[in-house]
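File shown: target-v1.txt (compact mmCIF, C-alpha atoms).
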# COMPACT_ATOMS: atom_id res chain seq x y z
CA MET Z 1 -105.71 -43.49 8.81
CA LYS Z 2 -104.74 -42.49 12.32
CA PRO Z 3 -101.03 -42.52 13.21
CA VAL Z 4 -99.75 -45.37 15.38
CA ASN Z 5 -100.13 -44.58 19.08
CA PHE Z 6 -96.67 -45.58 20.31
CA LYS Z 7 -97.32 -44.18 23.76
CA PHE Z 8 -100.01 -46.78 24.29
CA ARG Z 9 -97.79 -49.53 22.90
CA HIS Z 10 -95.00 -48.53 25.27
CA LYS Z 11 -97.42 -48.75 28.16
CA LEU Z 12 -98.47 -52.24 27.02
CA ASN Z 13 -94.76 -53.19 26.95
CA THR Z 14 -94.46 -52.52 30.67
CA ILE Z 15 -97.06 -55.11 31.69
CA ILE Z 16 -96.19 -58.79 32.15
CA GLY Z 17 -96.80 -60.55 28.81
CA GLY Z 18 -97.69 -57.28 27.04
CA GLU Z 19 -94.35 -56.74 25.32
CA ALA Z 20 -94.83 -59.85 23.13
CA HIS Z 21 -97.44 -57.98 21.04
CA ASN Z 22 -94.45 -56.50 19.15
CA PHE Z 23 -93.65 -59.89 17.62
CA CYS Z 24 -97.05 -60.50 15.99
CA TYR Z 25 -96.74 -60.77 12.19
CA GLN Z 26 -100.50 -61.19 11.67
CA CYS Z 27 -100.44 -64.78 10.37
CA GLY Z 28 -103.83 -65.56 11.92
CA ALA Z 29 -102.86 -68.95 13.44
CA CYS Z 30 -104.58 -67.79 16.64
CA VAL Z 31 -107.97 -67.49 14.97
CA GLY Z 32 -108.75 -70.96 13.60
CA ASP Z 33 -109.28 -72.78 16.90
CA CYS Z 34 -110.33 -69.77 19.00
CA PRO Z 35 -113.69 -70.70 20.58
CA ALA Z 36 -114.69 -67.07 21.18
CA ALA Z 37 -114.07 -66.29 17.49
CA LEU Z 38 -116.08 -69.34 16.51
CA TYR Z 39 -119.06 -68.20 18.59
CA SER Z 40 -118.81 -64.44 18.22
CA PRO Z 41 -118.03 -62.72 14.89
CA ALA Z 42 -116.97 -59.62 16.84
CA PHE Z 43 -114.11 -61.47 18.53
CA ASN Z 44 -110.92 -62.07 16.57
CA PRO Z 45 -107.54 -62.43 18.33
CA ARG Z 46 -105.59 -61.50 15.22
CA ASN Z 47 -107.59 -58.32 14.94
CA ILE Z 48 -107.02 -57.54 18.62
CA LEU Z 49 -103.27 -57.93 18.04
CA LEU Z 50 -103.48 -55.65 14.98
CA MET Z 51 -105.23 -53.02 17.07
CA ALA Z 52 -102.48 -53.43 19.69
CA LEU Z 53 -99.82 -52.87 17.01
CA LEU Z 54 -101.64 -49.74 15.90
CA GLY Z 55 -102.01 -48.62 19.51
CA ASP Z 56 -105.77 -48.34 19.20
CA GLU Z 57 -106.27 -47.46 22.84
CA GLU Z 58 -109.87 -46.34 22.50
CA SER Z 59 -111.16 -49.61 21.04
CA LEU Z 60 -109.01 -51.93 23.14
CA VAL Z 61 -109.35 -50.49 26.61
CA GLY Z 62 -112.44 -48.34 26.31
CA PRO Z 63 -115.82 -49.37 27.77
CA ASP Z 64 -117.39 -52.51 26.24
CA SER Z 65 -114.15 -53.64 24.66
CA VAL Z 66 -114.26 -56.98 22.88
CA ILE Z 67 -111.25 -58.19 24.93
CA TRP Z 68 -113.63 -59.22 27.73
CA ASP Z 69 -115.09 -61.96 25.55
CA CYS Z 70 -111.83 -63.90 25.50
CA THR Z 71 -112.52 -67.35 26.99
CA ASN Z 72 -108.98 -67.55 28.43
CA CYS Z 73 -108.72 -71.07 26.98
CA ASN Z 74 -105.03 -70.64 26.01
CA THR Z 75 -105.47 -72.23 22.57
CA CYS Z 76 -103.90 -69.18 20.87
CA TYR Z 77 -100.95 -69.58 23.24
CA GLU Z 78 -100.55 -73.11 21.82
CA ARG Z 79 -100.91 -72.10 18.18
CA CYS Z 80 -98.85 -68.89 17.89
CA PRO Z 81 -95.57 -69.53 15.99
CA GLN Z 82 -94.10 -66.29 17.34
CA ALA Z 83 -94.70 -66.98 21.04
CA VAL Z 84 -96.84 -63.84 21.21
CA ARG Z 85 -99.22 -65.65 23.58
CA PRO Z 86 -102.20 -63.54 22.47
CA VAL Z 87 -104.20 -64.49 25.57
CA GLU Z 88 -101.50 -62.95 27.77
CA VAL Z 89 -101.46 -59.77 25.64
CA ILE Z 90 -105.25 -59.63 26.07
CA ILE Z 91 -104.93 -60.00 29.85
CA ALA Z 92 -102.27 -57.24 29.85
CA LEU Z 93 -104.81 -55.07 28.00
CA LYS Z 94 -107.39 -55.97 30.65
CA ASN Z 95 -104.92 -54.72 33.29
CA ILE Z 96 -104.78 -51.36 31.51
CA SER Z 97 -108.57 -51.28 31.22
CA PHE Z 98 -108.87 -52.00 34.95
CA GLY Z 99 -106.49 -49.11 35.67
CA LYS Z 100 -108.79 -46.81 33.70
CA GLY Z 101 -111.94 -48.19 35.30
CA THR Z 102 -113.46 -49.38 32.03
CA ASN Z 103 -113.64 -53.03 33.12
CA PRO Z 104 -116.91 -54.95 33.57
CA PRO Z 105 -118.23 -54.62 37.16
CA GLY Z 106 -117.68 -58.33 37.91
CA VAL Z 107 -113.91 -57.84 37.87
CA LYS Z 108 -113.96 -55.29 40.66
CA SER Z 109 -116.32 -57.39 42.79
CA ILE Z 110 -113.93 -60.37 42.60
CA LEU Z 111 -111.04 -58.15 43.74
CA ASP Z 112 -113.17 -56.72 46.56
CA SER Z 113 -114.22 -60.18 47.66
CA VAL Z 114 -110.59 -61.34 47.87
CA LYS Z 115 -109.66 -58.16 49.80
CA GLU Z 116 -112.50 -58.59 52.28
CA THR Z 117 -112.56 -62.35 52.78
CA GLY Z 118 -109.46 -63.78 51.07
CA ARG Z 119 -111.74 -65.74 48.76
CA THR Z 120 -113.67 -65.25 45.53
CA VAL Z 121 -116.65 -67.12 46.96
CA LYS Z 122 -117.87 -65.97 50.35
CA THR Z 123 -118.69 -68.50 53.05
CA SER Z 124 -122.21 -68.60 54.49
CA SER Z 125 -124.16 -70.57 57.08
CA LEU Z 126 -125.31 -72.80 54.20
CA SER Z 127 -121.77 -73.55 53.04
CA ASP Z 128 -120.67 -74.23 56.64
CA ARG Z 129 -123.59 -76.61 57.13
CA ARG Z 130 -122.89 -78.44 53.89
CA ARG Z 131 -119.27 -78.97 54.84
CA LYS Z 132 -120.34 -80.37 58.18
CA GLU Z 133 -122.89 -82.73 56.61
CA LEU Z 134 -120.22 -84.07 54.27
CA GLY Z 135 -117.90 -84.79 57.20
CA LEU Z 136 -115.47 -81.97 56.41
CA LYS Z 137 -113.60 -79.82 58.89
CA GLU Z 138 -114.47 -76.15 59.31
CA ILE Z 139 -113.09 -74.03 56.53
CA SER Z 140 -109.58 -72.69 57.22
CA ILE Z 141 -108.94 -69.08 58.12
CA VAL Z 142 -107.27 -66.76 55.61
CA PRO Z 143 -104.69 -64.39 57.18
CA LEU Z 144 -106.32 -61.20 55.91
CA GLU Z 145 -103.69 -58.91 57.45
CA GLU Z 146 -101.04 -60.45 55.21
CA LEU Z 147 -103.23 -60.10 52.12
CA LYS Z 148 -103.99 -56.50 53.01
CA LYS Z 149 -100.29 -55.65 53.05
CA LEU Z 150 -99.80 -57.25 49.64
CA LEU Z 151 -102.85 -55.59 48.14
CA GLU Z 152 -102.00 -52.06 49.32
CA MET I 1 -80.13 -98.74 54.27
CA GLN I 2 -83.83 -99.33 54.32
CA LEU I 3 -85.68 -98.13 51.24
CA LEU I 4 -88.78 -96.08 51.77
CA THR I 5 -91.94 -97.67 50.50
CA VAL I 6 -93.87 -95.88 47.79
CA THR I 7 -96.60 -94.71 50.16
CA GLU I 8 -94.09 -93.01 52.42
CA PHE I 9 -93.18 -90.70 49.55
CA MET I 10 -96.78 -89.88 48.80
CA LYS I 11 -97.48 -86.87 50.93
CA TYR I 12 -98.98 -83.80 49.35
CA ALA I 13 -100.27 -80.44 50.46
CA PRO I 14 -103.79 -80.12 49.07
CA PHE I 15 -104.98 -76.77 47.72
CA PHE I 16 -108.76 -76.89 47.44
CA GLY I 17 -109.37 -73.25 46.53
CA CYS I 18 -112.55 -71.18 46.90
CA MET I 19 -114.99 -72.81 44.48
CA ILE I 20 -114.48 -76.30 45.91
CA SER I 21 -114.20 -75.45 49.63
CA VAL I 22 -117.16 -73.08 49.70
CA LYS I 23 -119.45 -73.72 46.76
CA TYR I 24 -118.87 -77.39 45.96
CA PRO I 25 -117.64 -79.07 49.16
CA GLN I 26 -118.90 -82.38 47.76
CA MET I 27 -115.79 -82.29 45.55
CA GLU I 28 -113.51 -81.84 48.55
CA ALA I 29 -115.31 -84.63 50.42
CA SER I 30 -114.97 -87.03 47.48
CA VAL I 31 -111.27 -86.23 47.03
CA ARG I 32 -110.54 -86.78 50.74
CA LYS I 33 -112.52 -90.01 50.94
CA THR I 34 -111.09 -91.56 47.76
CA MET I 35 -107.51 -90.51 48.56
CA ALA I 36 -107.81 -92.21 51.93
CA ASN I 37 -108.92 -95.37 50.14
CA LEU I 38 -105.87 -95.09 47.88
CA GLY I 39 -103.51 -94.68 50.83
CA MET I 40 -102.41 -91.21 49.81
CA GLU I 41 -101.76 -88.69 52.53
CA LEU I 42 -103.02 -85.13 52.24
CA VAL I 43 -101.25 -82.86 54.72
CA ASP I 44 -103.43 -79.80 55.35
CA LEU I 45 -101.44 -76.59 55.64
CA GLN I 46 -102.77 -73.38 57.14
CA GLY I 47 -102.87 -69.88 55.69
CA PHE I 48 -103.86 -70.28 52.03
CA SER I 49 -105.93 -67.58 50.35
CA CYS I 50 -107.69 -67.61 46.97
CA CYS I 51 -105.16 -68.88 44.41
CA PRO I 52 -106.06 -66.05 43.12
CA ASP I 53 -108.57 -66.49 40.31
CA PRO I 54 -106.87 -66.67 36.88
CA ILE I 55 -109.64 -64.83 35.02
CA TYR I 56 -110.97 -61.78 36.85
CA PHE I 57 -108.34 -61.30 39.56
CA LYS I 58 -105.58 -61.74 36.98
CA ALA I 59 -107.39 -59.14 34.84
CA THR I 60 -106.89 -56.48 37.53
CA ASP I 61 -103.09 -56.62 37.84
CA LYS I 62 -100.83 -59.51 36.83
CA LEU I 63 -98.05 -58.64 39.25
CA THR I 64 -100.40 -58.63 42.26
CA TRP I 65 -101.96 -61.86 41.00
CA MET I 66 -98.52 -63.42 40.80
CA THR I 67 -97.55 -62.13 44.26
CA LEU I 68 -100.60 -63.66 45.94
CA ALA I 69 -99.99 -66.92 44.10
CA ALA I 70 -96.34 -66.86 45.23
CA ARG I 71 -97.48 -66.31 48.80
CA ASN I 72 -99.57 -69.48 48.62
CA ILE I 73 -96.64 -71.41 47.15
CA THR I 74 -94.29 -70.28 49.96
CA ILE I 75 -96.59 -72.01 52.47
CA ALA I 76 -95.96 -75.33 50.71
CA GLU I 77 -92.24 -74.51 50.40
CA GLU I 78 -91.98 -73.96 54.14
CA ALA I 79 -93.53 -77.42 54.69
CA GLY I 80 -91.37 -79.01 51.98
CA LEU I 81 -94.38 -80.49 50.19
CA ASP I 82 -95.62 -80.31 46.63
CA LEU I 83 -98.93 -78.54 46.13
CA VAL I 84 -101.74 -80.64 44.74
CA THR I 85 -104.67 -78.81 43.17
CA MET I 86 -108.19 -80.12 42.55
CA CYS I 87 -109.52 -77.17 40.54
CA SER I 88 -108.27 -76.33 37.06
CA GLY I 89 -108.40 -72.61 37.87
CA CYS I 90 -106.15 -72.97 40.92
CA THR I 91 -103.95 -75.27 38.85
CA ALA I 92 -103.63 -72.58 36.17
CA THR I 93 -102.76 -69.77 38.58
CA LEU I 94 -100.32 -71.67 40.77
CA SER I 95 -98.61 -73.53 37.90
CA GLU I 96 -98.22 -70.40 35.78
CA ALA I 97 -96.89 -68.35 38.67
CA ASN I 98 -94.51 -71.13 39.71
CA PHE I 99 -93.26 -71.54 36.12
CA HIS I 100 -92.65 -67.84 35.49
CA LEU I 101 -91.05 -67.26 38.88
CA LYS I 102 -88.72 -70.23 38.35
CA HIS I 103 -87.73 -69.01 34.86
CA ASP I 104 -87.55 -65.24 35.30
CA PRO I 105 -85.13 -64.04 38.03
CA GLU I 106 -86.11 -60.40 37.54
CA LEU I 107 -89.78 -61.18 38.10
CA LYS I 108 -88.89 -63.32 41.10
CA GLU I 109 -86.98 -60.38 42.58
CA LYS I 110 -89.95 -58.05 42.07
CA VAL I 111 -92.36 -60.50 43.70
CA ASN I 112 -89.97 -61.18 46.59
CA GLN I 113 -89.64 -57.44 47.22
CA ARG I 114 -93.39 -57.43 47.81
CA LEU I 115 -93.40 -60.63 49.86
CA LYS I 116 -90.78 -59.11 52.17
CA LYS I 117 -93.56 -56.96 53.63
CA ILE I 118 -95.02 -60.09 55.23
CA GLY I 119 -91.71 -61.79 55.93
CA LYS I 120 -91.98 -64.37 53.17
CA GLU I 121 -89.71 -65.36 50.31
CA TYR I 122 -90.52 -67.39 47.21
CA LYS I 123 -87.68 -69.86 46.55
CA GLY I 124 -88.92 -72.11 43.77
CA THR I 125 -88.47 -75.42 45.57
CA VAL I 126 -91.82 -77.16 45.07
CA SER I 127 -94.01 -78.29 42.19
CA VAL I 128 -97.68 -77.61 41.58
CA ARG I 129 -99.70 -80.48 40.18
CA HIS I 130 -103.30 -81.22 39.37
CA ILE I 131 -104.33 -84.25 41.41
CA VAL I 132 -105.17 -86.33 38.33
CA THR I 133 -101.49 -86.26 37.34
CA VAL I 134 -100.58 -87.55 40.80
CA LEU I 135 -102.92 -90.51 40.28
CA ARG I 136 -101.51 -91.27 36.85
CA ASP I 137 -97.82 -90.61 37.46
CA ASP I 138 -97.11 -91.23 41.16
CA LEU I 139 -99.71 -93.74 42.26
CA GLY I 140 -100.30 -95.40 38.90
CA ILE I 141 -103.46 -96.27 37.01
CA GLU I 142 -103.31 -99.90 38.20
CA LYS I 143 -103.61 -98.87 41.85
CA VAL I 144 -106.64 -96.75 41.04
CA LYS I 145 -108.14 -99.78 39.34
CA ALA I 146 -107.34 -101.99 42.33
CA SER I 147 -109.27 -99.64 44.65
CA VAL I 148 -112.54 -100.23 42.75
CA LYS I 149 -114.96 -102.49 44.62
CA LYS I 150 -117.82 -102.51 42.13
CA PRO I 151 -117.30 -101.36 38.56
CA LEU I 152 -120.44 -99.42 37.66
CA ASN I 153 -119.97 -99.73 33.90
CA LEU I 154 -121.67 -96.42 33.22
CA LYS I 155 -120.94 -94.53 30.03
CA VAL I 156 -119.02 -91.29 30.51
CA ALA I 157 -118.50 -88.47 28.02
CA ILE I 158 -115.52 -86.45 29.15
CA HIS I 159 -115.21 -82.69 29.23
CA TYR I 160 -111.53 -81.84 29.58
CA GLY I 161 -111.67 -78.12 30.27
CA CYS I 162 -108.86 -75.85 29.15
CA HIS I 163 -106.60 -75.18 32.09
CA LEU I 164 -105.59 -78.73 32.91
CA LEU I 165 -103.87 -78.96 29.52
CA LYS I 166 -102.97 -75.50 28.27
CA PRO I 167 -100.50 -73.83 27.97
CA SER I 168 -98.87 -77.22 27.45
CA GLU I 169 -95.32 -75.83 27.83
CA ILE I 170 -96.24 -74.93 31.41
CA MET I 171 -98.74 -77.66 32.30
CA ARG I 172 -96.88 -80.61 30.73
CA VAL I 173 -99.81 -82.90 31.49
CA ASP I 174 -100.79 -84.39 28.17
CA ASP I 175 -101.18 -83.83 24.42
CA PRO I 176 -103.35 -80.66 24.54
CA ASP I 177 -105.32 -81.58 21.42
CA HIS I 178 -105.64 -85.33 21.91
CA PRO I 179 -105.45 -85.92 25.66
CA THR I 180 -105.99 -89.35 27.23
CA ILE I 181 -105.45 -88.84 30.95
CA LEU I 182 -109.12 -88.57 31.92
CA GLU I 183 -110.18 -91.50 29.72
CA ARG I 184 -107.57 -93.65 31.42
CA LEU I 185 -108.68 -92.59 34.88
CA PHE I 186 -112.41 -93.02 34.23
CA GLU I 187 -111.76 -96.44 32.68
CA ALA I 188 -109.66 -97.40 35.70
CA ALA I 189 -112.63 -96.43 37.86
CA GLY I 190 -114.78 -98.84 35.88
CA ALA I 191 -116.53 -96.49 33.44
CA GLU I 192 -116.89 -96.93 29.72
CA THR I 193 -115.71 -93.83 27.86
CA VAL I 194 -117.60 -92.61 24.80
CA LYS I 195 -116.24 -90.03 22.39
CA HIS I 196 -118.19 -86.90 21.59
CA GLU I 197 -117.60 -84.12 19.08
CA LYS I 198 -116.97 -81.27 21.51
CA GLN I 199 -114.59 -83.08 23.86
CA VAL I 200 -111.98 -80.30 24.01
CA LEU I 201 -114.25 -77.28 23.53
CA CYS I 202 -114.06 -74.61 26.21
CA CYS I 203 -117.02 -74.15 28.63
CA GLY I 204 -116.96 -70.41 27.89
CA LYS I 205 -117.38 -69.37 31.53
CA ALA I 206 -114.80 -66.58 31.29
CA CYS I 207 -116.62 -64.54 28.60
CA THR I 208 -118.39 -61.44 29.78
CA HIS I 209 -121.32 -61.58 27.35
CA GLU I 210 -123.42 -64.53 28.32
CA GLU I 211 -124.58 -65.43 24.78
CA ILE I 212 -121.15 -66.94 24.03
CA PRO I 213 -120.94 -69.37 26.97
CA GLU I 214 -124.62 -70.19 26.54
CA LYS I 215 -124.07 -71.36 22.99
CA MET I 216 -120.89 -73.24 23.91
CA THR I 217 -122.53 -74.95 26.87
CA PHE I 218 -125.50 -75.88 24.76
CA ASP I 219 -123.29 -77.35 22.03
CA VAL I 220 -121.15 -79.34 24.46
CA LEU I 221 -124.20 -80.76 26.26
CA SER I 222 -125.96 -81.57 22.98
CA SER I 223 -122.83 -83.31 21.75
CA ILE I 224 -122.83 -85.42 24.93
CA LYS I 225 -126.53 -86.14 24.65
CA LYS I 226 -125.94 -87.41 21.10
CA SER I 227 -123.09 -89.66 22.26
CA GLY I 228 -125.43 -91.77 24.39
CA ALA I 229 -123.39 -91.22 27.55
CA ASP I 230 -125.00 -91.53 30.99
CA PHE I 231 -123.16 -88.50 32.32
CA MET I 232 -120.50 -85.87 31.72
CA GLY I 233 -117.25 -86.46 33.61
CA LEU I 234 -114.95 -83.56 34.46
CA ILE I 235 -112.35 -82.30 36.92
CA CYS I 236 -112.96 -78.55 37.12
CA PRO I 237 -115.47 -76.78 39.42
CA THR I 238 -115.78 -73.79 37.09
CA CYS I 239 -116.75 -75.99 34.15
CA PHE I 240 -119.05 -77.81 36.60
CA ASP I 241 -120.75 -74.52 37.46
CA GLU I 242 -121.29 -73.75 33.79
CA PHE I 243 -122.74 -77.18 32.99
CA ASP I 244 -124.65 -78.12 36.15
CA LEU I 245 -126.34 -74.86 37.09
CA GLY I 246 -125.93 -73.49 33.55
CA GLN I 247 -127.92 -76.37 32.18
CA ILE I 248 -130.95 -75.46 34.32
CA ASN I 249 -130.77 -71.86 33.10
CA LEU I 250 -130.50 -73.04 29.49
CA SER I 251 -133.51 -75.34 29.87
CA ARG I 252 -135.60 -72.44 31.18
CA LYS I 253 -134.43 -69.94 28.61
CA PHE I 254 -134.71 -72.11 25.51
CA SER I 255 -137.25 -74.71 26.63
CA VAL I 256 -134.86 -77.58 25.98
CA ASP I 257 -134.56 -80.65 28.13
CA LEU I 258 -130.90 -81.62 28.33
CA LYS I 259 -130.69 -83.52 31.63
CA VAL I 260 -127.04 -84.50 31.47
CA PRO I 261 -125.72 -85.26 34.99
CA ILE I 262 -122.34 -83.64 35.62
CA ILE I 263 -119.97 -85.71 37.76
CA TYR I 264 -116.57 -84.72 39.16
CA TYR I 265 -114.03 -87.51 38.69
CA PHE I 266 -113.56 -88.23 42.39
CA GLN I 267 -117.31 -88.56 42.92
CA TYR I 268 -117.40 -91.33 40.34
CA LEU I 269 -114.30 -92.97 41.78
CA GLY I 270 -115.94 -92.80 45.21
CA LEU I 271 -119.08 -94.54 43.97
CA SER I 272 -116.91 -97.27 42.42
CA GLN I 273 -115.04 -97.64 45.70
CA GLY I 274 -118.35 -98.34 47.42
CA LEU I 275 -119.24 -94.90 48.76
CA SER I 276 -122.89 -93.88 48.61
CA PRO I 277 -124.25 -91.08 46.37
CA GLU I 278 -124.78 -89.02 49.57
CA ASP I 279 -121.18 -89.64 50.70
CA VAL I 280 -119.95 -87.96 47.52
CA GLY I 281 -122.69 -85.30 47.61
CA LEU I 282 -124.54 -86.08 44.38
CA HIS I 283 -127.76 -84.84 45.99
CA LEU I 284 -126.30 -81.31 46.02
CA HIS I 285 -126.17 -81.07 42.23
CA LYS I 286 -128.71 -78.93 40.41
CA THR I 287 -129.03 -81.41 37.55
CA LYS I 288 -130.12 -84.58 39.28
CA ALA I 289 -128.39 -87.87 38.55
CA ASP I 290 -131.47 -90.00 39.32
CA GLU I 291 -131.66 -91.77 35.95
CA MET I 292 -127.99 -92.61 36.10
CA LEU I 293 -128.24 -93.88 39.68
CA LYS I 294 -131.20 -96.12 38.81
CA LYS I 295 -128.89 -98.08 36.52
CA ILE I 296 -126.54 -98.93 39.37
CA SER I 297 -128.97 -99.48 42.23
Output the file's structure as structure tokens, nothing else.
Amino acid sequence: MKPVNFKFRHKLNTIIGGEAHNFCYQCGACVGDCPAALYSPAFNPRNILLMALLGDEESLVGPDSVIWDCTNCNTCYERCPQAVRPVEVIIALKNISFGKGTNPPGVKSILDSVKETGRTVKTSSLSDRRRKELGLKEISIVPLEELKKLLE
Amino acid sequence: MQLLTVTEFMKYAPFFGCMISVKYPQMEASVRKTMANLGMELVDLQGFSCCPDPIYFKATDKLTWMTLAARNITIAEEAGLDLVTMCSGCTATLSEANFHLKHDPELKEKVNQRLKKIGKEYKGTVSVRHIVTVLRDDLGIEKVKASVKKPLNLKVAIHYGCHLLKPSEIMRVDDPDHPTILERLFEAAGAETVKHEKQVLCCGKACTHEEIPEKMTFDVLSSIKKSGADFMGLICPTCFDEFDLGQINLSRKFSVDLKVPIIYYFQYLGLSQGLSPEDVGLHLHKTKADEMLKKIS
């Protein structure tokens, strides 16, 4: 068995919601009502937390990591008796994955879209026309200069 | 001293977000039209950006996600109005950010350091609320009921979606496992609610591998089909995306014929208040509501 990778765990501790992985005692309460676990045998929040405790960097934040199949439904947040909030640990892991560039391409395109337009969905002549037909005002302008400063 | 009437208190800053404003403006139109009928004032503020998205944007960097959310909240703070959200995703982002920033002074300091660059400061003076809670708690179910001109008596199977309810310690909307808020609102709008097995299942939209959401979507829609409902009622544009457009993709891929119309709450309320299907933009849906509309014509 490989030794625990504490360096990786310390890194996880520095991200919002990541430090709570330390409190997981592997009871499995997060698994029973997890929809991703129900629909995909490969996905198991308890197992993800175990890998986090072992500091299994390669599996958790490498390419094609199972973390990206989390539905973000927050049910594990409800169930966990230790307030680990597994979903938030998983998102903290996603932050690390994004830093390494091992994230699915869709993540980067959402970030780029917000940087370029201030929105996740870009406006088009069709969307403008639809708004008009429904009696809505023109879509408001996003102050992109402000966003740019915050996204630097 | 003259007491203010209830309606004078009811001013809110609406936050429509990207999905609704751009992709599903029929939702915005139905909210604006029904709110006007209920005498509730939406005060449009300028300068909002994406909430930002609680799935993919949050996956890039939580602190940046929180900073952009805080920036949006400061716009409402400057106007002294509570933010009202119509999308469960925007509700999730803005409620979570507001909760953590109110409870964690160190985090608030970090975020405010960043906001200083654009001359803004998060103070923690307003609330973020999904619009359905405003109807239930501020306006009251009875007033919703009183706005109905013709009860349509259609059968609705509700899809709750996750982010209206969970995490319950932050959302504080309803019992997360046995919610009632949407049943009460659909019944007030003159619908008959029918139970179905997968009422609180997730839509699965956030998963990267499409097999998972496909199976979930199929199961939820089949469960609704079995319930005998005329349509699925929901309050989230992301779930709508998964079920309306997703249903067409499923039908093609698996040669199944589901045909469950997906209706946003305020579209149904609008119909009950006497608006036409075009007024609330039902013609823009991928899964057509023709069968359902025949019953009420």
From the set I:Tyr56, I:Tyr268, I:Tyr122, I:Phe16, which residue has the shortest atom-to-atom contact distance to Leu101 in chain I, counting only C-alpha atoms? I:Tyr122
Exercise answer, chain Z residues close to chain I, 6 Å and only C-alpha atoms, as a CSV table (one decimal) with C-alpha atoms, in the coordinates of the input:
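Final output, saved to result_28.csv:
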chain,number,residue,atom,x,y,z
Z,39,TYR,CA,-119.1,-68.2,18.6
Z,68,TRP,CA,-113.6,-59.2,27.7
Z,69,ASP,CA,-115.1,-62.0,25.6
Z,70,CYS,CA,-111.8,-63.9,25.5
Z,71,THR,CA,-112.5,-67.4,27.0
Z,73,CYS,CA,-108.7,-71.1,27.0
Z,74,ASN,CA,-105.0,-70.6,26.0
Z,91,ILE,CA,-104.9,-60.0,29.8
Z,94,LYS,CA,-107.4,-56.0,30.6
Z,95,ASN,CA,-104.9,-54.7,33.3
Z,98,PHE,CA,-108.9,-52.0,35.0
Z,107,VAL,CA,-113.9,-57.8,37.9
Z,111,LEU,CA,-111.0,-58.2,43.7
Z,118,GLY,CA,-109.5,-63.8,51.1
Z,119,ARG,CA,-111.7,-65.7,48.8
Z,121,VAL,CA,-116.6,-67.1,47.0
Z,123,THR,CA,-118.7,-68.5,53.0
Z,127,SER,CA,-121.8,-73.6,53.0
Z,131,ARG,CA,-119.3,-79.0,54.8
Z,142,VAL,CA,-107.3,-66.8,55.6
Z,143,PRO,CA,-104.7,-64.4,57.2
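Of the residues listed (Z:Gly55, Z:Val4, Z:Glu138, Z:Gly17), Z:Glu138 shows the shortest atom-to-atom separation from Ser125 in chain Z; distances use all atoms listed in the file.
Using all atoms listed in the file for every distance, the candidate list Z:Lys137, Z:Lys149, Z:Arg129, Z:Arg46 yields Z:Arg46 as the residue closest to Val84 in chain Z.
As for CA of His283 in chain I and CA of Leu136 in chain Z, they are spaced 16.4 Å apart.
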Residues within 12 Å of Pro63 in chain Z, only C-alpha atoms, excluding chain neighbours under 5 positions, as an mmCIF file with C-alpha atoms, in the frame of the given file:
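selection.cif written:
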data_model
loop_
_atom_site.group_PDB
_atom_site.id
_atom_site.type_symbol
_atom_site.label_atom_id
_atom_site.label_comp_id
_atom_site.auth_asym_id
_atom_site.auth_seq_id
_atom_site.Cartn_x
_atom_site.Cartn_y
_atom_site.Cartn_z
ATOM 1 C CA GLU Z 57 -106.270 -47.460 22.840
ATOM 2 C CA GLU Z 58 -109.870 -46.340 22.500
ATOM 3 C CA TRP Z 68 -113.630 -59.220 27.730
ATOM 4 C CA LYS Z 94 -107.390 -55.970 30.650
ATOM 5 C CA ILE Z 96 -104.780 -51.360 31.510
ATOM 6 C CA SER Z 97 -108.570 -51.280 31.220
ATOM 7 C CA PHE Z 98 -108.870 -52.000 34.950
ATOM 8 C CA LYS Z 100 -108.790 -46.810 33.700
ATOM 9 C CA GLY Z 101 -111.940 -48.190 35.300
ATOM 10 C CA THR Z 102 -113.460 -49.380 32.030
ATOM 11 C CA ASN Z 103 -113.640 -53.030 33.120
ATOM 12 C CA PRO Z 104 -116.910 -54.950 33.570
ATOM 13 C CA PRO Z 105 -118.230 -54.620 37.160
#
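Residue nearest Glu121 in chain I, chosen from I:Cys87, I:Asp82, I:Pro151, I:Ile75 and counting all atoms listed in the file: I:Ile75.
For the residues Z:Ala92, Z:Leu151, Z:Cys30, Z:Ile139, ranking by smallest atom-to-atom distance to Thr75 in chain Z using only C-alpha atoms places Z:Cys30 first.
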The distance between CA of Ala36 in chain Z and CA of Cys90 in chain I is 22.3 Å
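For Leu83 in chain I, the list of residues within 7 Å, based on all atoms listed in the file and with local chain neighbours fewer than 5 positions off taken out, reads Tyr12, Ala13, Pro14, Phe15, Ala76, Ser127, Val128 and Arg129 of chain I.
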Tell me which protein, DNA and RNA residues are within 8 Å of range 229-243 of chain I, counting only C-alpha atoms, leaving out same-chain ones fewer than 3 positions away, and put them as a ChimeraX atom specification. /I:19-20,24,86-89,154-161,194,203,205,217,221,224-226,246-247,260-265,292
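With all atoms listed in the file taken into account, the protein and nucleic acid residues at most 10 Å from Leu293 in chain I (excluding it and anything under 3 positions from it in its own chain) are I:Leu152, I:Leu154, I:Asp230, I:Pro277, I:Leu282, I:Lys288, I:Ala289, I:Asp290, I:Ile296, I:Ser297.
For Met51 in chain Z, the list of residues within 12 Å, based on all atoms listed in the file and with local chain neighbours fewer than 6 positions off taken out, reads Lys2, Pro3, Val4, Asn5, Phe6, Phe8, Arg9, His21, Asn22, Cys24, Gln26, Asn44, Pro45, Glu57, Glu58, Ser59, Leu60, Val61, Ser65, Val66, Ile67, Val89, Ile90 and Leu93 of chain Z.
Comparing Z:Pro35, Z:Gly135, Z:Gly28, Z:Gly106 by their smallest distance to Gln82 in chain Z, the closest is Z:Gly28 (using all atoms listed in the file).
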